[in-house]
Structures are given as structure tokens and as C-alpha cells.
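Student: Quick one: structure below, then a few questions.
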Number of protein chains: 2
Amino acid sequence: MPDSRIPAPQVCRFLATALERLGLPADDARTVAELMTEAEVQGSDGHGVIRLVPYARRIRAGGMNLHPDIRVVKEKAGMALLDGDNGMGHLVMKKAAEIAIGKARHCGVAWVGARLSNHAGPASLYARMALPHDMIGLYFAVGNANHLPPWGGLDMLLSTNPIAVAVPAGEEPPVVLDMATTVAAYGKVKAKAQRGEQMPVGWMIDRQGEPLTDPKRADEGFLMPIGGYKGYGLAMIVGLLAGSLNGAAMGSETIDFNQDPVTVTNTGQAILVIDPDAFGEVAGFKARVDKLVRELRASERMPGVDRIWMPGEQSHEKRLANEREGLALPPALRRQLDDFAREMGIPQLSDT
Amino acid sequence: MPDSRIPAPQVCRFLATALERLGLPADDARTVAELMTEAEVQGSDGHGVIRLVPYARRIRAGGMNLHPDIRVVKEKAGMALLDGDNGMGHLVMKKAAEIAIGKARHCGVAWVGARLSNHAGPASLYARMALPHDMIGLYFAVGNANHLPPWGGLDMLLSTNPIAVAVPAGEEPPVVLDMATTVAAYGKVKAKAQRGEQMPVGWMIDRQGEPLTDPKRADEGFLMPIGGYKGYGLAMIVGLLAGSLNGAAMGSETIDFNQDPVTVTNTGQAILVIDPDAFGEVAGFKARVDKLVRELRASERMPGVDRIWMPGEQSHEKRLANEREGLALPPALRRQLDDFAREMGIPQLSDT
């Protein structure tokens, strides 16, 4: 393992220690640390370890409930609505996924929404929770800051509102789509800033409609939706399903958690779980997924294209590499974590 | 009403007469005619009256079952799987929507998939069926011809696989998103060809990667997915949910129903219905939708933008105009319908 890489379990221990020091009960600290590490392992670097310091800022400002009573407030056979009691989003949506999986086993499908949740990391973390049960997971979330105006507008009233879908395969890796409804997720903008890199043209524009490529100027512009008005429509619909339906914040109610560490975000998220077993033999379904994956992968390629990737396949390869070689945290992030550890009086990552 | 426009009920009668003459039972002919007319009324001209002649070709070639036994083959509290018995897709998915609405009332959410269905018109027709019940409808379908290679590939193994979502509002029109996962739907390409118009750059490219703008050359190229690899991922996921999950055709199994009028298409579609009543007061939800719509609409606008539209709002305005002024069928389509009427020995549209 190269010196610059840290084994994932070591990163997880560091995160758990930090979160417990911040006041989370030990079990909750471990759960959140595991999910943050998992995000990093699967290559979702905009939603992994980089979030520790912003989470800490909110926790220390009193903007998050460290002892939430996460509870079902509405329930039917195929659905539940959770009140997250302003707890960490990871705890809320892990519970949501567990409830949805249990209900899907009985009903064939189940939908669990949440309000009064918080940022929960990458969408695919929760969609993927269906996979070990041979189920399909879909996840929808209202992003935690508005970076997107309605199509043709200038007021940033919508967030990147991501969608993730995880579909189990047989011998192939699962098919996992995890996408913001914008050309780039805001987490990717933050990761570019962290690395001191410029953004490609097309990720953001400024209020004059000119390309914005310096991620440090991100608050002077807005993200571009995929497919123009289609991405705007998708962002709005995801917000209606994950936010408005649950009585969570949408539109102007959305709290920019980067700017405001105190106000309750009332974040809305939702998970839908489908049990293929209800539709027929699971093995048959997984074999059909394999067949499709192999067919697509074997397509004749455009000049210069070495390989055709399935959704989630690059993440799958990153996961294998990160598990084998450890996590390559960028130097700026390492320094930030070291400063943070000193400040909190906990062992540094390298000594954990 | 201008001379060139035909009242929607007259178009509906013509379609019903034509479909009955083609051999559909009178009730089924009326149902399909109503849905085809509804498509035209809402401005989905690529999926409305223009489809009569292709449907007729398939029916006369024996490629569609005129007396299908559309039945539930798998069922749980929150889901059903329909076998469409190769009937017209409109009949299959209307039944699917009705079952899903009934189940959602009990379970809060319900998912109904179909296999052995056929082309059913615009996706939003079925998502919208939830609206009179104050429910949210989502519809997913495998398109009936492959026009999309995997990202980086050249083999057309995916279709435009559309998504529609219909969300009830209070005083505002419902929010209705109806989008292909490609920049343009293939139906729009066909409509351009019908009208003798060119396509904008960005809708399609040829196998050399060059822009293709002549809709008559559509079979020499493929549609472009929205957001590049994201749209490819969405098209694949929609296909897995609406096709593979149901045991319907996906990938290379997809029959190009424009080229092959005989082979059973085994079309897959799915509808998801969510009952907001399970999540709290419906009136409160609808008021939140209204508030969001009004907020977005009131956004400051980019220079040159007269109005900010909600998803489905342009269609809503077309519906109002078409109901008031009648349907403006293009001259080429009118001639085609007149020829068809003569051939079938039924009264022409203008005499219906």
C-alpha cells in the first residue's frame, strides 16, 4: 500500500472518534463514520471525508440534533413518512432504507420519505442498501443548497436534487446510477476547489450567462441542468417527491447549509424499494440484467473509446482499488483533518 | 373555429371508427381513440393521430392481438405484473393505471408493470391518470425502437425510454413532466419528417459522430442522450425497470415496430402511483405545490425570456387552445388520413 494512502478502516475509526468527540452517541458516530467511509471508498469524494469539517461546524453551532428521536409519523402497508428530528441524515436515511426493504418484502414495493433530515452523503449509498436483499433501490433527495434557477430564470430556487438507482445483477457488478440533475453535482465543484483545479466549461454559468470555471467563484453563478429544460423539470419533480410530499423544505425554504450552520435544514429525502421476487424468479431477473450489461459492453465503439462503461462500473472499480490500496485523500484534505484533530484533541488520522 | 381545425370529438369519432373497422371491439376502439385524441389535444403530436396508420399496418399484418386477455400474472399488496397478451398498449396501460390507483389507495404507493404490451402513446397520458384521484403518477416505458447506443458505442441497443411524472396542484395546473431520456423523442423526429422540417443540431448524430438534421435520414444515425452519459444511464435504468423487471424486451430483443409490423414487440411499461393522502393532508400538499410553482414562475428572468414555464404548462395551454379551437392536423397528415379512409371504406375525417 503506497504511503500516501490510508486503509479505509483507519479512516472510519478516525471519523467515528471525531463524531463521538463532537457529541454523537458512539453507535451513531460509528454508523455515520461507516457511511462516510463507504462514500469515500466508492469514489464519491465530494460526499465522503471532505464533509467532516462542515458537519462539525453545524454540530458545534447547534444546527443538528445529536440525540434525535427518528420516528415514523405516517404509515401504510407500502409507505412510511419519517420525522428525522433534525438528526444526521445518514441515520435518518439508513433507517428509511431498512423500513422500505422490510415493507417491500411484503408489498412488493415500498416508499419511505423523510422530513427534518439532513445531508446524508451520496444518493447511491442508500439505493445500494437494497442490493444485499436482491432488491432494487431508488433514492431521491432535495440538495442542501440552491444552485439552480428555473429554466430561463436567475433566482436560484432549486438544488441539484440527485437521483440514485441500484439494480442487482447476477455475475456482473450491480448497475448503479447516481446522478445530480445538473451537469455536475455541487460536491464535485467543492472537490475541484479543494484540489485547486478549474471546472470544465458547461458545469456552471454566471448571472450574465457566461461560463464560470473557477470553483472558488461558485457562489457567483449557478449549476446547469442536464438537457436544459429537461434537467430543470427533473430537479423540480425530485424536489416535489423528496421534499414537498414529505413536508420538507423546497424552493426558497431550502437552507444553504454551507452558509448557515444553525437553522434547521428540514431536508427531505425518499427511498423506493422494489422486490424483483414479486415479479418472478429473482435469478431470472439478474440473468437478464447480466445479459443486457454484456450486450451493451460488447457494442462496437466510437473511434478513441477504449471501453464502454455501465452506470456505477467506474465506481465499482474505484471501490476495488480503494479496498486494495487504501484511500488517497488529497493533501489539502489531509492537512484540514490534521488541523481538525489538533483542535478537537483527538489522535491524528495517521495515528488512529 | 378556423376551417383548418377539427374539433377533438370529431377526430376521436374518426379514430374509433377506423380502429373498429380494423377489427378492435367497439369498446376497445373507443378507449384507444380517446387516448390517441387526448395525446393530440395535449400537444403530443408525435404520439397522437399520426400513429393511426402505423398501428393499422401492424394490426393488418397480424402483429397485434385484437382480442387480448390482459391479466394480472403476479400480484402483491403494492404491485401487480400484467401480461398484455400483445394487445394495444393503450388498453394495457389504462388497466395498469387503474390497478395502481386502487392499490395506492390502500398501500400508499403501488407499482404496476406490464409485459407483452405495445406502444401506448405519450408517457404523460398514464401518469396523468392519477391526477383526478389527487395522486401522483410516474410512468416508465421501453421505447419501441432502438435509436441510442451505449455511451461511447455505435450499436443502437437502447431506446429513448421515456419518463413521465404528474403531480397534482391546487389552483395551478398540475406539474407534468414528460420526457424522453434523449434530447429529442423519436416521435418528434417523425413529426419533423411529416412536416418536412429539419431537426436542430444536437438531436441526432450519424455513425461518424456528425450532426444529422434531416429527419428523413433518421435511420442513418442515433438520438443523443441528455447530459451525455447521464442520459445513457437513465435510458438503461428506465429500460431495466420497465422492461427487464417485467420480462419484457430490452436491448437487442427490442423490436423496431417501424420496420417490423409482425413480430410480437413484448413492450414493457410500468406505472408508479403515490397517494399524497398517506403522507398528510392532500390540501396541504397541493398548496405547497402551488407555492413552489408561483415562486419559480416569479423568478427574475434572463434577458429575452418572456415567461418561466413549469413542466407541463405549455402542454396545458395547448390543451386549452385545442379544446377551444379544435385540432390543427398538418396537411400531409390530413391527406394520409383521407387516403386511409378511402382505403378502409369509412367516412373521411371531415365527414365524420
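The way I read the labels, and the way they are meant: chains A, B, ... in the order of the C-alpha cells, residue 1 as the first residue of every chain, and ligand 1 as the first ligand shown, with later ones counted on from there.
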Write out as a PDB file with N, CA and C atoms, in the first residue's frame the residues lying within 7 Å of region 110-123 of chain A, counting only C-alpha atoms and excluding same-chain residues fewer than 4 positions away.
Tutor:
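around.pdb, freshly written:
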```pdb
ATOM      1  N   MET A  36     -19.850   7.481   5.752  1.00  0.00           N
ATOM      2  CA  MET A  36     -18.945   8.471   5.148  1.00  0.00           C
ATOM      3  C   MET A  36     -17.739   7.778   4.519  1.00  0.00           C
ATOM      4  N   ALA A  39     -18.783   6.106   1.328  1.00  0.00           N
ATOM      5  CA  ALA A  39     -18.860   7.111   0.256  1.00  0.00           C
ATOM      6  C   ALA A  39     -17.477   7.318  -0.366  1.00  0.00           C
ATOM      7  N   SER A  44     -17.062   8.539  -4.198  1.00  0.00           N
ATOM      8  CA  SER A  44     -17.895   9.750  -4.089  1.00  0.00           C
ATOM      9  C   SER A  44     -17.171  10.765  -3.212  1.00  0.00           C
ATOM     10  N   HIS A  47     -18.652  13.698  -1.302  1.00  0.00           N
ATOM     11  CA  HIS A  47     -19.625  13.417  -0.241  1.00  0.00           C
ATOM     12  C   HIS A  47     -19.054  12.557   0.879  1.00  0.00           C
ATOM     13  N   GLY A  48     -17.727  12.389   0.906  1.00  0.00           N
ATOM     14  CA  GLY A  48     -17.135  11.497   1.899  1.00  0.00           C
ATOM     15  C   GLY A  48     -16.468  12.274   3.017  1.00  0.00           C
ATOM     16  N   GLY A  78     -47.442   0.077   2.308  1.00  0.00           N
ATOM     17  CA  GLY A  78     -46.364   0.240   1.342  1.00  0.00           C
ATOM     18  C   GLY A  78     -45.590   1.530   1.493  1.00  0.00           C
ATOM     19  N   MET A  79     -45.790   2.250   2.564  1.00  0.00           N
ATOM     20  CA  MET A  79     -45.076   3.530   2.725  1.00  0.00           C
ATOM     21  C   MET A  79     -44.908   3.880   4.181  1.00  0.00           C
ATOM     22  N   ALA A  80     -43.971   4.767   4.438  1.00  0.00           N
ATOM     23  CA  ALA A  80     -43.836   5.399   5.747  1.00  0.00           C
ATOM     24  C   ALA A  80     -43.277   6.792   5.525  1.00  0.00           C
ATOM     25  N   LEU A  81     -43.614   7.674   6.443  1.00  0.00           N
ATOM     26  CA  LEU A  81     -43.015   9.015   6.461  1.00  0.00           C
ATOM     27  C   LEU A  81     -42.270   9.146   7.777  1.00  0.00           C
ATOM     28  N   LEU A  82     -40.975   9.433   7.683  1.00  0.00           N
ATOM     29  CA  LEU A  82     -40.137   9.572   8.871  1.00  0.00           C
ATOM     30  C   LEU A  82     -39.975  11.042   9.229  1.00  0.00           C
ATOM     31  N   ASP A  83     -40.013  11.318  10.509  1.00  0.00           N
ATOM     32  CA  ASP A  83     -39.563  12.612  11.031  1.00  0.00           C
ATOM     33  C   ASP A  83     -38.145  12.386  11.554  1.00  0.00           C
ATOM     34  N   GLY A  84     -37.181  13.034  10.922  1.00  0.00           N
ATOM     35  CA  GLY A  84     -35.779  12.814  11.290  1.00  0.00           C
ATOM     36  C   GLY A  84     -35.351  13.575  12.530  1.00  0.00           C
ATOM     37  N   ASP A  85     -36.239  14.419  13.041  1.00  0.00           N
ATOM     38  CA  ASP A  85     -35.966  15.170  14.275  1.00  0.00           C
ATOM     39  C   ASP A  85     -34.626  15.926  14.189  1.00  0.00           C
ATOM     40  N   ASN A  86     -34.291  16.359  12.994  1.00  0.00           N
ATOM     41  CA  ASN A  86     -33.058  17.132  12.742  1.00  0.00           C
ATOM     42  C   ASN A  86     -31.783  16.363  13.102  1.00  0.00           C
ATOM     43  N   GLY A  87     -31.856  15.041  13.030  1.00  0.00           N
ATOM     44  CA  GLY A  87     -30.646  14.229  13.226  1.00  0.00           C
ATOM     45  C   GLY A  87     -29.803  14.193  11.967  1.00  0.00           C
ATOM     46  N   MET A  88     -28.628  13.583  12.060  1.00  0.00           N
ATOM     47  CA  MET A  88     -27.776  13.467  10.870  1.00  0.00           C
ATOM     48  C   MET A  88     -28.501  12.645   9.814  1.00  0.00           C
ATOM     49  N   GLY A  89     -28.412  13.088   8.580  1.00  0.00           N
ATOM     50  CA  GLY A  89     -29.161  12.459   7.501  1.00  0.00           C
ATOM     51  C   GLY A  89     -28.821  10.990   7.314  1.00  0.00           C
ATOM     52  N   HIS A  90     -27.572  10.630   7.575  1.00  0.00           N
ATOM     53  CA  HIS A  90     -27.150   9.233   7.427  1.00  0.00           C
ATOM     54  C   HIS A  90     -28.001   8.316   8.308  1.00  0.00           C
ATOM     55  N   VAL A  92     -31.010   8.977   9.510  1.00  0.00           N
ATOM     56  CA  VAL A  92     -32.409   9.007   9.071  1.00  0.00           C
ATOM     57  C   VAL A  92     -32.598   8.095   7.861  1.00  0.00           C
ATOM     58  N   ALA A  96     -34.646   4.735   7.021  1.00  0.00           N
ATOM     59  CA  ALA A  96     -35.645   4.750   5.942  1.00  0.00           C
ATOM     60  C   ALA A  96     -35.445   3.557   5.008  1.00  0.00           C
ATOM     61  N   ALA A 100     -38.035   0.513   4.304  1.00  0.00           N
ATOM     62  CA  ALA A 100     -38.511   0.292   2.930  1.00  0.00           C
ATOM     63  C   ALA A 100     -38.239  -1.143   2.482  1.00  0.00           C
ATOM     64  N   LYS A 103     -40.784  -3.433   4.180  1.00  0.00           N
ATOM     65  CA  LYS A 103     -42.129  -3.297   3.618  1.00  0.00           C
ATOM     66  C   LYS A 103     -42.192  -3.857   2.189  1.00  0.00           C
ATOM     67  N   ALA A 104     -41.107  -3.674   1.436  1.00  0.00           N
ATOM     68  CA  ALA A 104     -41.092  -4.170   0.055  1.00  0.00           C
ATOM     69  C   ALA A 104     -41.197  -5.696   0.034  1.00  0.00           C
ATOM     70  N   ALA A 127     -29.601   3.865  -2.067  1.00  0.00           N
ATOM     71  CA  ALA A 127     -30.161   2.999  -3.109  1.00  0.00           C
ATOM     72  C   ALA A 127     -29.478   1.634  -3.060  1.00  0.00           C
ATOM     73  N   TYR A 139     -33.420   6.313  -4.913  1.00  0.00           N
ATOM     74  CA  TYR A 139     -33.294   7.335  -3.880  1.00  0.00           C
ATOM     75  C   TYR A 139     -33.417   8.705  -4.518  1.00  0.00           C
ATOM     76  N   ASN A 144     -28.865  20.376  -0.479  1.00  0.00           N
ATOM     77  CA  ASN A 144     -28.825  21.244   0.698  1.00  0.00           C
ATOM     78  C   ASN A 144     -28.362  22.661   0.392  1.00  0.00           C
ATOM     79  N   PRO A 162     -30.508  15.097  -6.456  1.00  0.00           N
ATOM     80  CA  PRO A 162     -29.996  13.899  -7.115  1.00  0.00           C
ATOM     81  C   PRO A 162     -30.968  12.717  -7.101  1.00  0.00           C
ATOM     82  N   ILE A 163     -30.704  11.818  -8.003  1.00  0.00           N
ATOM     83  CA  ILE A 163     -31.421  10.545  -8.148  1.00  0.00           C
ATOM     84  C   ILE A 163     -30.371   9.445  -8.111  1.00  0.00           C
ATOM     85  N   ALA A 164     -30.630   8.379  -7.379  1.00  0.00           N
ATOM     86  CA  ALA A 164     -29.782   7.195  -7.496  1.00  0.00           C
ATOM     87  C   ALA A 164     -30.665   5.973  -7.670  1.00  0.00           C
ATOM     88  N   ASP A 178     -26.021   7.158 -10.192  1.00  0.00           N
ATOM     89  CA  ASP A 178     -26.059   8.156  -9.111  1.00  0.00           C
ATOM     90  C   ASP A 178     -25.763   9.484  -9.782  1.00  0.00           C
ATOM     91  N   ALA A 242     -39.316  14.314  -3.015  1.00  0.00           N
ATOM     92  CA  ALA A 242     -38.465  14.103  -1.840  1.00  0.00           C
ATOM     93  C   ALA A 242     -38.653  15.206  -0.804  1.00  0.00           C
ATOM     94  N   ASN A 246     -43.169  15.289   1.575  1.00  0.00           N
ATOM     95  CA  ASN A 246     -42.872  14.953   2.971  1.00  0.00           C
ATOM     96  C   ASN A 246     -43.041  16.128   3.926  1.00  0.00           C
ATOM     97  N   GLY A 247     -43.417  17.293   3.394  1.00  0.00           N
ATOM     98  CA  GLY A 247     -43.452  18.477   4.244  1.00  0.00           C
ATOM     99  C   GLY A 247     -42.056  18.982   4.579  1.00  0.00           C
ATOM    100  N   ALA A 248     -41.090  18.647   3.736  1.00  0.00           N
ATOM    101  CA  ALA A 248     -39.721  19.129   3.921  1.00  0.00           C
ATOM    102  C   ALA A 248     -39.526  20.407   3.104  1.00  0.00           C
ATOM    103  N   THR A 265     -32.403  22.516   8.694  1.00  0.00           N
ATOM    104  CA  THR A 265     -32.498  22.467   7.227  1.00  0.00           C
ATOM    105  C   THR A 265     -33.820  21.881   6.741  1.00  0.00           C
ATOM    106  N   ASN A 266     -34.457  21.072   7.583  1.00  0.00           N
ATOM    107  CA  ASN A 266     -35.660  20.331   7.172  1.00  0.00           C
ATOM    108  C   ASN A 266     -35.452  19.668   5.813  1.00  0.00           C
ATOM    109  N   THR A 267     -34.367  18.932   5.706  1.00  0.00           N
ATOM    110  CA  THR A 267     -34.030  18.256   4.457  1.00  0.00           C
ATOM    111  C   THR A 267     -35.001  17.104   4.179  1.00  0.00           C
ATOM    112  N   GLY A 268     -35.413  16.999   2.937  1.00  0.00           N
ATOM    113  CA  GLY A 268     -36.306  15.933   2.503  1.00  0.00           C
ATOM    114  C   GLY A 268     -35.593  14.930   1.611  1.00  0.00           C
ATOM    115  N   GLN A 269     -35.842  13.661   1.869  1.00  0.00           N
ATOM    116  CA  GLN A 269     -35.291  12.582   1.047  1.00  0.00           C
ATOM    117  C   GLN A 269     -36.342  11.480   0.932  1.00  0.00           C
ATOM    118  N   ALA A 270     -36.161  10.596  -0.015  1.00  0.00           N
ATOM    119  CA  ALA A 270     -37.098   9.481  -0.160  1.00  0.00           C
ATOM    120  C   ALA A 270     -36.387   8.290  -0.763  1.00  0.00           C
ATOM    121  N   ILE A 271     -36.843   7.138  -0.375  1.00  0.00           N
ATOM    122  CA  ILE A 271     -36.296   5.908  -0.959  1.00  0.00           C
ATOM    123  C   ILE A 271     -37.448   5.009  -1.407  1.00  0.00           C
ATOM    124  N   LEU A 272     -37.265   4.418  -2.561  1.00  0.00           N
ATOM    125  CA  LEU A 272     -38.246   3.475  -3.107  1.00  0.00           C
ATOM    126  C   LEU A 272     -37.530   2.152  -3.286  1.00  0.00           C
ATOM    127  N   VAL A 273     -38.106   1.090  -2.751  1.00  0.00           N
ATOM    128  CA  VAL A 273     -37.503  -0.234  -2.908  1.00  0.00           C
ATOM    129  C   VAL A 273     -38.483  -1.143  -3.643  1.00  0.00           C
ATOM    130  N   ILE A 274     -37.971  -1.840  -4.634  1.00  0.00           N
ATOM    131  CA  ILE A 274     -38.770  -2.774  -5.439  1.00  0.00           C
ATOM    132  C   ILE A 274     -38.168  -4.162  -5.277  1.00  0.00           C
TER     133      ILE A 274
ATOM    134  N   VAL B 109     -48.585   3.591  -1.827  1.00  0.00           N
ATOM    135  CA  VAL B 109     -47.928   3.594  -3.132  1.00  0.00           C
ATOM    136  C   VAL B 109     -48.202   2.255  -3.811  1.00  0.00           C
TER     137      VAL B 109
END
```
Student: Could you write out as a ChimeraX atom specification the residues of chain A within 6 Å of chain B, counting only C-alpha atoms?
Tutor: /A:76-79,107-109,152-155,226-227,233,299-302,311
Student: Could you give me, as a list in words, each residue of region 71-164 of chain B that DSSP assigns to helix (DSSP H, G or I) when run on this structure's backbone?
Tutor: Gly89, His90, Leu91, Val92, Met93, Lys94, Lys95, Ala96, Ala97, Glu98, Ile99, Ala100, Ile101, Gly102, Lys103, Ala104, Arg105, His106, Cys107, Ser124, Leu125, Tyr126, Ala127, Arg128, Met129, Ala130, Leu131, Pro132 and His133 of chain B
Student: Dump C-alpha atoms for the selected residues as a short mmCIF file (atom, residue, chain, number, x, y, z; two decimals), in the first residue's frame?
Tutor:
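Written output follows (result21.cif):
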```cif
data_model
loop_
_atom_site.label_atom_id
_atom_site.label_comp_id
_atom_site.auth_asym_id
_atom_site.auth_seq_id
_atom_site.Cartn_x
_atom_site.Cartn_y
_atom_site.Cartn_z
CA GLY B 89 -50.63 -0.69 -25.30
CA HIS B 90 -53.32 1.89 -24.53
CA LEU B 91 -55.60 -0.85 -23.24
CA VAL B 92 -52.84 -2.49 -21.20
CA MET B 93 -51.57 0.68 -19.55
CA LYS B 94 -55.00 2.14 -18.86
CA LYS B 95 -55.73 -1.05 -16.94
CA ALA B 96 -52.31 -0.82 -15.24
CA ALA B 97 -53.03 2.73 -14.12
CA GLU B 98 -56.44 1.77 -12.75
CA ILE B 99 -54.95 -1.11 -10.76
CA ALA B 100 -52.12 1.05 -9.44
CA ILE B 101 -54.53 3.79 -8.33
CA GLY B 102 -56.66 1.25 -6.45
CA LYS B 103 -53.68 -0.34 -4.75
CA ALA B 104 -52.13 3.04 -3.87
CA ARG B 105 -55.29 3.97 -2.04
CA HIS B 106 -54.69 1.02 0.29
CA CYS B 107 -50.89 0.85 0.46
CA SER B 124 -47.82 11.50 -19.62
CA LEU B 125 -51.23 10.09 -20.62
CA TYR B 126 -50.85 7.38 -18.00
CA ALA B 127 -49.02 9.38 -15.34
CA ARG B 128 -51.88 11.90 -15.61
CA MET B 129 -54.49 9.24 -14.84
CA ALA B 130 -53.51 9.60 -11.16
CA LEU B 131 -54.42 13.31 -11.11
CA PRO B 132 -58.25 13.10 -10.83
CA HIS B 133 -57.65 10.94 -7.74
#
```
Student: Between B:Arg51, B:Ile255, B:Arg319, B:Ala8, which has the minimum distance to Leu337 (chain B) (counting only C-alpha atoms)?
Tutor: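 Checking each candidate against Leu337 (chain B), we get B:Arg51 as the closest.
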Student: Tell me, which residues of region 110-306 of chain B carry DSSP strand (DSSP E or B), written as a PyMOL selection string?
Tutor: chain B and resi 110-117+136-141+148+153+158+163-167+175-179+182+204-206+211-212+221-223+225+267-274+301
Student: Near Ala328 (chain A), counting only C-alpha atoms, which residues have an atom at most 8 Å away, once you skip same-chain residues fewer than 4 positions from it, shown as a list in words?
Tutor: Ser4, Arg5, Ile6 and Asn322 of chain A
Student: Write out, as a PDB file, in the first residue's frame, the residues just selected, with N, CA and C atoms.
Tutor:
```pdb
ATOM      1  N   SER A   4       1.012   7.247   0.769  1.00  0.00           N
ATOM      2  CA  SER A   4       0.055   8.346   0.770  1.00  0.00           C
ATOM      3  C   SER A   4      -1.386   7.852   0.945  1.00  0.00           C
ATOM      4  N   ARG A   5      -1.556   6.552   0.913  1.00  0.00           N
ATOM      5  CA  ARG A   5      -2.918   6.016   1.014  1.00  0.00           C
ATOM      6  C   ARG A   5      -3.179   5.482   2.430  1.00  0.00           C
ATOM      7  N   ILE A   6      -4.424   5.642   2.872  1.00  0.00           N
ATOM      8  CA  ILE A   6      -4.798   5.221   4.222  1.00  0.00           C
ATOM      9  C   ILE A   6      -5.843   4.117   4.103  1.00  0.00           C
ATOM     10  N   ASN A 322      -9.702   1.029  -3.969  1.00  0.00           N
ATOM     11  CA  ASN A 322      -9.604   1.671  -2.652  1.00  0.00           C
ATOM     12  C   ASN A 322      -9.552   0.646  -1.528  1.00  0.00           C
TER      13      ASN A 322
END
```
Student: Can you pull out every residue within 6 Å of region 186-202 of chain B, counting only C-alpha atoms, but drop anything in the same chain fewer than 2 positions away, and send it as a list of chain:residue names?
Tutor: B:Gly46, B:Met204, B:Pro211, B:Thr213, B:Asp214, B:Pro215, B:Lys216
Student: Save the residues we just selected, N, CA and C atoms, as a JSON list (two decimals), in the first residue's frame?
Tutor:
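Writing done, so here's result.json:
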```
[["chain", "number", "residue", "atom", "x", "y", "z"],
["B", 46, "GLY", "N", -46.46, 13.84, -31.82],
["B", 46, "GLY", "CA", -45.70, 12.68, -32.28],
["B", 46, "GLY", "C", -46.32, 11.36, -31.85],
["B", 204, "MET", "N", -29.71, 14.47, -33.16],
["B", 204, "MET", "CA", -29.19, 13.19, -33.63],
["B", 204, "MET", "C", -27.77, 13.38, -34.18],
["B", 211, "PRO", "N", -23.35, 15.84, -36.91],
["B", 211, "PRO", "CA", -24.76, 16.18, -36.71],
["B", 211, "PRO", "C", -25.63, 15.69, -37.87],
["B", 213, "THR", "N", -29.38, 16.30, -39.39],
["B", 213, "THR", "CA", -30.50, 17.24, -39.23],
["B", 213, "THR", "C", -31.68, 16.92, -40.15],
["B", 214, "ASP", "N", -31.51, 15.98, -41.09],
["B", 214, "ASP", "CA", -32.61, 15.63, -41.99],
["B", 214, "ASP", "C", -33.37, 14.45, -41.40],
["B", 215, "PRO", "N", -34.62, 14.70, -40.95],
["B", 215, "PRO", "CA", -35.35, 13.60, -40.28],
["B", 215, "PRO", "C", -35.61, 12.41, -41.21],
["B", 216, "LYS", "N", -35.53, 12.62, -42.52],
["B", 216, "LYS", "CA", -35.75, 11.50, -43.45],
["B", 216, "LYS", "C", -34.55, 10.56, -43.45]]
```
Student: Write out as a VMD selection string each polymer residue whose atoms come within 6 Å of Gly143 (chain A), counting only C-alpha atoms; drop sequence neighbours fewer than 3 positions from it.
Tutor: chain A and resid 159 to 161
Student: One decimal, Å: what's the distance from CA of Gln348 (chain B) over to CA of Thr31 (chain B), could you say?
Tutor: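 Interatomic distance here is 20.2 Å.
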